[in-house]
>>> print(open('query.txt').read())   # compact mmCIF, C-alpha atoms and all ligand atoms
# COMPACT_ATOMS: atom_id res chain seq x y z
CA MET A 1 8.74 -89.79 -28.95
CA SER A 2 6.62 -90.67 -25.98
CA LYS A 3 4.99 -87.75 -24.32
CA THR A 4 5.87 -87.18 -20.66
CA HIS A 5 3.88 -84.83 -18.54
CA SER A 6 5.22 -82.67 -15.77
CA THR A 7 4.48 -83.14 -12.12
CA ILE A 8 4.93 -80.53 -9.42
CA VAL A 9 7.52 -81.63 -6.86
CA HIS A 10 8.75 -79.97 -3.67
CA ILE A 11 12.53 -80.07 -3.25
CA ILE A 12 13.35 -81.08 0.29
CA ALA A 13 17.06 -81.89 0.12
CA ASN A 14 20.00 -80.95 -2.01
CA TYR A 15 23.48 -82.38 -2.25
CA GLY A 16 25.60 -81.08 -5.10
CA HIS A 17 23.55 -81.52 -8.23
CA GLN A 18 21.28 -84.15 -6.75
CA PHE A 19 17.95 -83.35 -5.24
CA LEU A 20 15.31 -85.17 -3.27
CA GLY A 21 11.67 -84.27 -3.62
CA LEU A 22 8.21 -85.09 -2.36
CA LEU A 23 4.87 -84.79 -4.09
CA LYS A 24 2.41 -82.17 -2.92
CA GLY A 25 0.66 -83.33 0.26
CA ALA A 26 3.48 -85.64 1.36
CA ARG A 27 5.48 -84.73 4.45
CA THR A 28 8.94 -85.66 5.61
CA ASP A 29 7.43 -86.88 8.87
CA ASP A 30 5.07 -89.31 7.14
CA ALA A 31 5.67 -92.90 8.24
CA GLN A 32 7.18 -93.77 4.86
CA PRO A 33 7.76 -90.73 2.69
CA GLN A 34 7.87 -91.50 -1.03
CA TRP A 35 11.21 -89.90 -1.87
CA ILE A 36 11.80 -88.84 -5.46
CA GLN A 37 15.40 -88.66 -6.62
CA LEU A 38 15.83 -85.74 -8.98
CA VAL A 39 18.49 -84.44 -11.27
CA ALA A 40 18.52 -81.09 -13.03
CA ARG A 41 18.08 -81.41 -16.76
CA GLY A 42 20.09 -79.49 -19.33
CA LYS A 43 22.49 -76.84 -18.24
CA ARG A 44 22.92 -76.79 -14.52
CA GLN A 45 20.44 -74.59 -12.81
CA GLY A 46 20.46 -73.33 -9.28
CA TYR A 47 17.57 -75.11 -7.66
CA ALA A 48 17.18 -74.84 -3.93
CA VAL A 49 15.59 -76.67 -1.04
CA GLY A 50 12.07 -75.27 -0.76
CA ASP A 51 11.58 -74.80 -4.50
CA TRP A 52 8.46 -76.16 -6.12
CA VAL A 53 9.68 -77.48 -9.47
CA LYS A 54 8.22 -79.07 -12.57
CA ALA A 55 9.70 -82.50 -13.11
CA SER A 56 9.13 -85.41 -15.44
CA LEU A 57 8.96 -88.55 -13.32
CA SER A 58 9.54 -92.22 -13.91
CA GLN A 59 6.47 -94.45 -13.96
CA ASP A 60 6.93 -95.44 -10.31
CA GLN A 61 7.54 -91.80 -9.30
CA THR A 62 10.84 -92.54 -7.58
CA GLN A 63 13.07 -90.70 -10.04
CA GLY A 64 12.80 -87.67 -12.20
CA ALA A 65 14.36 -84.83 -14.08
CA ILE A 66 13.75 -81.24 -13.03
CA GLU A 67 12.53 -79.14 -15.93
CA GLY A 68 12.12 -75.77 -14.30
CA ILE A 69 10.86 -73.73 -11.39
CA HIS A 70 7.15 -73.87 -10.69
CA LEU A 71 7.07 -71.58 -7.67
CA ARG A 72 9.83 -69.60 -6.01
CA GLU A 73 8.67 -66.61 -4.02
CA ASN A 74 12.05 -65.84 -2.57
CA LEU A 75 15.57 -67.24 -2.46
CA PHE A 76 18.18 -66.92 0.27
CA TYR A 77 21.70 -67.36 -1.04
CA ARG A 78 25.25 -66.25 -0.59
CA SER A 79 27.82 -65.88 -3.30
CA GLU A 80 31.54 -65.72 -3.82
CA PHE A 81 32.54 -64.30 -7.18
CA ASN A 82 30.42 -66.14 -9.72
CA LYS A 83 29.63 -69.04 -7.40
CA GLN A 84 26.14 -68.89 -5.99
CA LYS A 85 25.34 -70.98 -2.94
CA ASN A 86 21.60 -71.46 -2.56
CA LEU A 87 20.52 -72.00 1.01
CA ALA A 88 16.74 -72.18 0.68
CA SER A 89 13.73 -70.76 -1.11
CA ASN A 90 10.08 -70.09 -0.30
CA ILE A 91 10.89 -69.37 3.32
CA ASP A 92 9.07 -67.13 5.80
CA GLN A 93 12.11 -66.32 7.89
CA VAL A 94 15.74 -66.98 8.64
CA ALA A 95 16.85 -67.84 12.16
CA ILE A 96 20.53 -67.11 12.72
CA ILE A 97 21.90 -69.24 15.52
CA CYS A 98 24.55 -67.69 17.76
CA ALA A 99 25.91 -69.04 21.02
CA THR A 100 27.60 -68.02 24.23
CA GLU A 101 30.43 -70.41 23.30
CA PRO A 102 32.19 -70.75 21.00
CA SER A 103 31.97 -67.06 20.40
CA PHE A 104 29.98 -66.07 17.32
CA ALA A 105 31.34 -63.74 14.61
CA ASP A 106 29.73 -60.31 14.20
CA GLU A 107 31.01 -60.33 10.63
CA LEU A 108 28.97 -63.39 9.64
CA LEU A 109 25.93 -62.31 11.64
CA GLY A 110 26.03 -58.87 10.04
CA ARG A 111 26.32 -60.36 6.57
CA ALA A 112 23.45 -62.78 7.07
CA LEU A 113 21.27 -59.93 8.34
CA ILE A 114 22.01 -57.88 5.22
CA CYS A 115 21.34 -60.84 3.00
CA ALA A 116 17.94 -61.42 4.60
CA HIS A 117 17.05 -57.76 4.25
CA VAL A 118 17.90 -57.65 0.56
CA ALA A 119 15.95 -60.87 -0.03
CA GLU A 120 13.06 -59.29 1.94
CA ILE A 121 12.94 -62.19 4.37
CA GLU A 122 12.17 -61.81 8.08
CA VAL A 123 15.03 -62.61 10.37
CA LEU A 124 15.52 -63.52 13.99
CA ILE A 125 18.63 -64.03 16.04
CA VAL A 126 18.72 -67.03 18.37
CA LEU A 127 21.24 -67.00 21.20
CA ASN A 128 21.76 -70.65 22.12
CA LYS A 129 23.57 -72.14 25.13
CA ALA A 130 22.11 -69.53 27.47
CA ASP A 131 22.81 -72.08 30.22
CA VAL A 132 26.52 -71.27 30.01
CA SER A 133 26.01 -68.63 32.67
CA GLU A 134 29.55 -67.28 32.92
CA LEU A 135 29.54 -66.31 29.23
CA LEU A 136 25.91 -65.24 28.96
CA PRO A 137 26.41 -61.58 30.01
CA LEU A 138 29.01 -60.97 27.31
CA ALA A 139 26.96 -62.60 24.54
CA ARG A 140 23.89 -60.65 25.68
CA GLU A 141 25.83 -57.43 25.67
CA ARG A 142 27.11 -58.07 22.12
CA LEU A 143 23.61 -58.88 20.88
CA ARG A 144 22.04 -55.85 22.57
CA LEU A 145 23.36 -53.78 19.68
CA TYR A 146 21.36 -55.87 17.20
CA ALA A 147 18.24 -55.68 19.37
CA LYS A 148 18.62 -51.89 19.39
CA LEU A 149 18.80 -51.98 15.60
CA GLY A 150 15.38 -53.63 15.62
CA TYR A 151 16.26 -57.31 15.26
CA ARG A 152 14.48 -59.84 17.44
CA VAL A 153 16.80 -61.79 19.75
CA ILE A 154 15.60 -64.98 21.46
CA GLU A 155 17.60 -66.79 24.15
CA VAL A 156 17.43 -70.58 24.44
CA SER A 157 19.32 -73.66 25.55
CA ALA A 158 19.01 -76.64 23.26
CA ASN A 159 19.79 -78.91 26.20
CA GLN A 160 16.91 -77.45 28.24
CA PRO A 161 13.88 -78.20 26.06
CA ASP A 162 11.57 -76.12 28.27
CA SER A 163 13.50 -73.03 27.29
CA LEU A 164 12.23 -73.39 23.72
CA ASN A 165 8.57 -73.04 24.65
CA SER A 166 8.28 -69.42 25.65
CA GLU A 167 9.62 -67.64 22.58
CA LEU A 168 11.31 -69.85 20.02
CA ILE A 169 8.52 -72.31 19.28
CA PRO A 170 5.88 -69.55 19.07
CA ALA A 171 8.18 -67.73 16.62
CA LEU A 172 8.59 -70.84 14.46
CA LYS A 173 5.13 -72.36 14.57
CA GLY A 174 3.21 -72.44 11.32
CA LYS A 175 6.17 -71.05 9.39
CA THR A 176 8.98 -72.19 7.13
CA THR A 177 12.25 -71.23 8.75
CA LEU A 178 15.80 -71.56 7.50
CA LEU A 179 18.19 -72.23 10.37
CA MET A 180 21.72 -71.12 9.76
CA GLY A 181 24.79 -70.56 11.83
CA GLN A 182 28.48 -71.17 12.21
CA SER A 183 29.32 -74.71 13.16
CA GLY A 184 29.40 -75.37 16.88
CA MET A 185 26.58 -72.94 17.71
CA GLY A 186 24.26 -75.86 18.43
CA LYS A 187 22.13 -75.92 15.30
CA SER A 188 21.89 -79.70 15.19
CA SER A 189 21.11 -79.83 18.90
CA LEU A 190 18.29 -77.32 18.43
CA ILE A 191 16.88 -79.23 15.48
CA ASN A 192 16.93 -82.45 17.48
CA ALA A 193 15.17 -80.73 20.35
CA LEU A 194 12.50 -79.32 18.02
CA ILE A 195 12.06 -82.33 15.74
CA PRO A 196 12.06 -85.74 17.42
CA ASP A 197 12.79 -87.78 14.28
CA ALA A 198 15.34 -85.40 12.76
CA ASN A 199 18.32 -87.74 13.09
CA LEU A 200 16.47 -90.68 11.64
CA ARG A 201 15.20 -88.60 8.73
CA THR A 202 18.61 -87.15 8.08
CA ARG A 203 20.14 -90.62 7.83
CA GLU A 204 17.35 -91.75 5.55
CA ILE A 205 17.54 -88.70 3.31
CA SER A 206 21.30 -88.89 3.17
CA SER A 207 21.28 -92.53 2.09
CA VAL A 208 18.72 -91.95 -0.68
CA LEU A 209 20.31 -88.71 -1.83
CA ASN A 210 23.87 -89.64 -1.50
CA SER A 211 23.84 -93.39 -2.03
CA GLY A 212 24.91 -94.20 1.50
CA LYS A 213 27.51 -91.57 2.23
CA HIS A 214 26.30 -90.36 5.59
CA THR A 215 27.37 -86.80 5.33
CA THR A 216 25.22 -84.12 6.90
CA THR A 217 26.68 -81.32 4.82
CA PHE A 218 23.61 -80.78 2.77
CA SER A 219 20.50 -78.66 3.13
CA ARG A 220 17.26 -80.38 3.97
CA LEU A 221 13.75 -79.54 4.99
CA PHE A 222 11.91 -81.10 7.90
CA ASP A 223 8.15 -81.06 8.29
CA CYS A 224 7.19 -80.96 11.94
CA ASP A 225 4.52 -79.89 14.35
CA LEU A 226 5.43 -76.93 16.50
CA GLY A 227 2.95 -75.50 18.94
CA GLY A 228 0.27 -77.65 17.32
CA GLN A 229 0.82 -76.23 13.83
CA ALA A 230 2.37 -77.74 10.74
CA SER A 231 5.75 -76.05 10.40
CA GLN A 232 8.92 -76.49 8.39
CA ILE A 233 12.52 -76.17 9.43
CA ILE A 234 15.31 -76.10 6.87
CA ASP A 235 18.76 -77.09 8.07
CA SER A 236 21.75 -75.77 6.17
CA PRO A 237 25.43 -76.64 6.43
CA GLY A 238 27.38 -74.55 8.94
CA PHE A 239 29.26 -71.74 7.27
CA GLU A 240 32.54 -70.00 7.99
CA GLN A 241 32.26 -67.40 5.29
CA PHE A 242 29.48 -65.44 3.77
CA GLY A 243 30.14 -63.87 0.37
CA MET A 244 27.84 -61.18 -0.91
CA ALA A 245 29.20 -60.57 -4.40
CA GLN A 246 25.67 -60.13 -5.67
CA PHE A 247 24.92 -56.88 -3.86
CA SER A 248 25.21 -53.25 -4.83
CA VAL A 249 26.59 -50.56 -2.53
CA SER A 250 23.14 -49.04 -2.29
CA GLN A 251 21.56 -52.35 -1.26
CA ILE A 252 24.10 -52.70 1.53
CA GLN A 253 23.54 -49.15 2.75
CA HIS A 254 19.79 -49.62 2.89
CA ALA A 255 20.17 -52.95 4.70
CA MET A 256 22.02 -51.30 7.61
CA PRO A 257 19.16 -50.06 9.80
CA GLU A 258 21.25 -47.41 11.57
CA PHE A 259 22.31 -45.89 8.21
CA VAL A 260 18.81 -45.50 6.85
CA PRO A 261 17.76 -42.28 8.68
CA TYR A 262 20.85 -40.51 7.35
CA LEU A 263 20.82 -41.70 3.75
CA GLY A 264 20.25 -38.86 1.32
CA THR A 265 21.32 -36.19 3.79
CA CYS A 266 25.05 -36.08 2.98
CA LYS A 267 26.49 -33.07 1.15
CA PHE A 268 27.22 -35.13 -1.96
CA HIS A 269 24.35 -37.09 -3.39
CA ASN A 270 26.70 -39.88 -4.46
CA CYS A 271 28.45 -39.96 -1.07
CA THR A 272 29.94 -43.38 -0.28
CA HIS A 273 30.28 -42.53 3.45
CA VAL A 274 33.95 -43.50 3.39
CA HIS A 275 35.90 -40.21 3.49
CA GLU A 276 33.70 -37.45 2.04
CA PRO A 277 33.33 -34.11 3.83
CA ALA A 278 29.94 -33.29 5.37
CA CYS A 279 28.93 -36.95 5.33
CA ALA A 280 25.91 -37.51 7.56
CA ILE A 281 26.95 -41.10 8.28
CA LEU A 282 30.53 -40.21 9.26
CA ASP A 283 29.17 -37.39 11.42
CA ALA A 284 26.78 -39.83 13.11
CA VAL A 285 29.71 -42.17 13.78
CA ALA A 286 31.67 -39.25 15.26
CA ARG A 287 28.73 -38.36 17.51
CA GLY A 288 28.39 -42.00 18.60
CA GLU A 289 24.97 -42.41 17.02
CA ILE A 290 26.30 -45.13 14.75
CA VAL A 291 28.54 -47.70 16.43
CA GLU A 292 32.03 -47.46 14.99
CA PHE A 293 32.55 -51.16 14.43
CA ARG A 294 29.39 -51.30 12.32
CA HIS A 295 30.80 -48.54 10.10
CA GLU A 296 34.05 -50.49 9.88
CA PHE A 297 32.01 -53.54 8.94
CA TYR A 298 30.41 -51.47 6.16
CA LEU A 299 33.86 -50.38 4.93
CA ARG A 300 34.97 -54.02 4.74
CA LEU A 301 31.88 -54.89 2.71
CA LEU A 302 32.65 -52.08 0.27
CA GLN A 303 36.24 -53.22 -0.05
CA GLN A 304 35.07 -56.70 -0.81
CA LEU A 305 32.64 -55.51 -3.48
CA ASP A 306 35.44 -53.51 -5.01
CA TYR A 307 37.63 -56.59 -4.94
CA TYR A 308 34.97 -58.70 -6.63
CA GLU A 309 34.62 -56.04 -9.30
CA HIS A 310 38.31 -55.82 -10.13
CA ALA A 311 39.44 -59.39 -9.61
CA GLN A 312 40.11 -61.56 -12.63
CA TYR A 313 38.10 -64.71 -12.60
N1 LIG B 401 25.85 -76.08 27.27
C1 LIG B 401 25.23 -76.25 26.10
N2 LIG B 401 25.83 -76.92 25.11
C2 LIG B 401 25.16 -77.07 23.95
C3 LIG B 401 23.87 -76.52 23.73
N3 LIG B 401 23.48 -76.80 22.46
C4 LIG B 401 24.49 -77.51 21.92
N4 LIG B 401 25.50 -77.68 22.80
C5 LIG B 401 26.77 -78.38 22.56
O1 LIG B 401 27.52 -77.65 21.58
C6 LIG B 401 28.25 -78.55 20.74
C7 LIG B 401 27.92 -78.28 19.28
O2 LIG B 401 26.54 -78.56 19.08
P1 LIG B 401 25.96 -78.96 17.64
O3 LIG B 401 24.50 -79.09 17.80
O4 LIG B 401 26.70 -80.10 17.06
O5 LIG B 401 26.33 -77.64 16.83
P2 LIG B 401 26.22 -77.34 15.26
O6 LIG B 401 27.59 -77.49 14.70
O7 LIG B 401 25.76 -75.91 15.20
O8 LIG B 401 25.23 -78.29 14.66
C8 LIG B 401 27.87 -79.94 21.18
O9 LIG B 401 28.87 -80.43 22.03
C9 LIG B 401 26.57 -79.75 21.94
O10 LIG B 401 26.36 -80.71 22.94
C10 LIG B 401 23.26 -75.79 24.83
O11 LIG B 401 22.15 -75.25 24.74
N5 LIG B 401 24.00 -75.68 25.97
MG MG B 402 25.49 -79.57 13.05
ZN ZN B 403 27.88 -39.86 3.38
>>> encode(input="query.txt", output="structure tokens")
Amino acid sequence: MSKTHSTIVHIIANYGHQFLGLLKGARTDDAQPQWIQLVARGKRQGYAVGDWVKASLSQDQTQGAIEGIHLRENLFYRSEFNKQKNLASNIDQVAIICATEPSFADELLGRALICAHVAEIEVLIVLNKADVSELLPLARERLRLYAKLGYRVIEVSANQPDSLNSELIPALKGKTTLLMGQSGMGKSSLINALIPDANLRTREISSVLNSGKHTTTFSRLFDCDLGGQASQIIDSPGFEQFGMAQFSVSQIQHAMPEFVPYLGTCKFHNCTHVHEPACAILDAVARGEIVEFRHEFYLRLLQQLDYYEHAQY
């Protein structure tokens, strides 16, 4: 048997079980990137955009088979039951895009924040469409809670490129950032404002990856220059649900910043903060120190974990 040797490849797009990669040193904003079409060898493995993988390549280095992970420092994913949805790996931060309209969902925002905390990935909240002035006060008011909890909130308008310069671009420059958000929040508009050739690249990637089906429902990484520094933005499909079957109750509790000061101070050491007497969290809710809807959010997460545990699948 002929001996193939492994090459290190950076995964920059993923559609189903197909991947697109680039060799080290190549960038998606090169004039003519040398795309490598990749498939995962053997039993399906959960590779993600951002992974550095070992792959055996064809002679001309246009095709290859992924053999395993070379470098994955972190992985951001959501999961429903036993289905894991990888969003990106090797990222510095997650930017969650919200908007004045359509209204964003606290449920999804809250879940994404927990997910980032558990994965130990920095997170920032971007409020887009700040130009919609009649709805701005309400969106600001809703996000003030998250700012109080310690999250960074940045206001922008994708259709006013100057608005990106003061805070967003400085926050993104030199970093690898996963952009995520519900559809309609203006994620594509922001990416187009930040990355001049994004549309062109998306079409190109989609035709190589997907043999001509011009869907944009796949994750992909864009190299770009932001604030004069090489940066990377990863676009992910809009989501309308955010499963967290992978988490433990304790992980969720520790990922809620307003819970943390009270953890360990309840009467019962195994307190679930649902109905127990002398529960420090329930007392804090009663005193208004923890916002009630965040506690209700926590209760829904527990119910869902319980459901995952007892469901037959
Ligand atoms: N007023 C306003 N509209 C915006 C802004 N950004 C995006 N939009 C509009 O919002 C709609 C959804 O934007 P799109 O980028 O497709 O959202 P995506 O689904 O998150 O990718 C489009 O009609 C955009 O023109 C903004 O900053 N201000
Ligand atoms: Mg879009
Ligand atoms: Zn308690």
>>> residues_around(input="query.txt", residues="region 74-84 of chain A", least_positions_apart="5", cutoff="6 Å", atoms="only C-alpha atoms", output="ChimeraX atom specification")
/A:89-90,243-245
>>> closest_residue(input="query.txt", among="A:Val291, A:Ala65, A:Ala198, A:Ala88", to="ligand MG 402 (chain B)", atoms="only C-alpha atoms and all ligand atoms")
A:Ala198
>>> closest_atom_pairs(input="query.txt", of="chain A", to="ligand ZN 403 (chain B)", cutoff="9 Å", atoms="all atoms listed in the file", output="CSV")
residue,atom,partner,partner_atom,distance
A:Tyr262,CA,B:ZN403,ZN,8.1
A:Leu263,CA,B:ZN403,ZN,7.3
A:Gly264,CA,B:ZN403,ZN,8.0
A:Thr265,CA,B:ZN403,ZN,7.5
A:Cys266,CA,B:ZN403,ZN,4.7
A:Lys267,CA,B:ZN403,ZN,7.3
A:Phe268,CA,B:ZN403,ZN,7.2
A:His269,CA,B:ZN403,ZN,8.1
A:Asn270,CA,B:ZN403,ZN,7.9
A:Cys271,CA,B:ZN403,ZN,4.5
A:Thr272,CA,B:ZN403,ZN,5.5
A:His273,CA,B:ZN403,ZN,3.6
A:Val274,CA,B:ZN403,ZN,7.1
A:His275,CA,B:ZN403,ZN,8.0
A:Glu276,CA,B:ZN403,ZN,6.4
A:Pro277,CA,B:ZN403,ZN,7.9
A:Ala278,CA,B:ZN403,ZN,7.2
A:Cys279,CA,B:ZN403,ZN,3.7
A:Ala280,CA,B:ZN403,ZN,5.2
A:Ile281,CA,B:ZN403,ZN,5.1
A:Leu282,CA,B:ZN403,ZN,6.5
A:Asp283,CA,B:ZN403,ZN,8.5
>>> residues_near_ligand(input="query.txt", ligand="ligand MG 402 (chain B)", cutoff="10 Å", atoms="only C-alpha atoms and all ligand atoms", output="number ranges by chain")
A: 180-191, 216-217, 235-238
>>> residues_around(input="query.txt", residues="Ile195 (chain A)", least_positions_apart="2", cutoff="9 Å", atoms="only C-alpha atoms", output="ChimeraX atom specification")
/A:190-193,197-199,222-226,233
>>> write_last_selection(input="query.txt", atoms="C-alpha atoms", output="tab-separated table (two decimals), keeping the file's coordinate frame")
chain	number	residue	atom	x	y	z
A	190	LEU	CA	18.29	-77.32	18.43
A	191	ILE	CA	16.88	-79.23	15.48
A	192	ASN	CA	16.93	-82.45	17.48
A	193	ALA	CA	15.17	-80.73	20.35
A	197	ASP	CA	12.79	-87.78	14.28
A	198	ALA	CA	15.34	-85.40	12.76
A	199	ASN	CA	18.32	-87.74	13.09
A	222	PHE	CA	11.91	-81.10	7.90
A	223	ASP	CA	8.15	-81.06	8.29
A	224	CYS	CA	7.19	-80.96	11.94
A	225	ASP	CA	4.52	-79.89	14.35
A	226	LEU	CA	5.43	-76.93	16.50
A	233	ILE	CA	12.52	-76.17	9.43
>>> axis_aligned_box(input="query.txt", around="region 128-143 of chain A", padding_each_side="6 Å", output="JSON")
{"center_x": 25.7, "center_y": -64.8, "center_z": 26.9, "size_x": 19.8, "size_y": 26.7, "size_z": 24.0}
>>> closest_residue(input="query.txt", among="A:His17, A:Lys24, A:Lys129, A:Arg72", to="ligand LIG 401 (chain B)", atoms="only C-alpha atoms and all ligand atoms")
A:Lys129
>>> atom_distance(input="query.txt", atom1="CA of Lys85 (chain A)", atom2="CA of Phe242 (chain A)")
9.6 Å
>>> atom_distance(input="query.txt", atom1="CA of Glu141 (chain A)", atom2="atom C2 of ligand LIG 401 (chain B)")
19.7 Å
>>> atom_distance(input="query.txt", atom1="atom C1 of ligand LIG 401 (chain B)", atom2="CA of Asp162 (chain A)")
13.8 Å
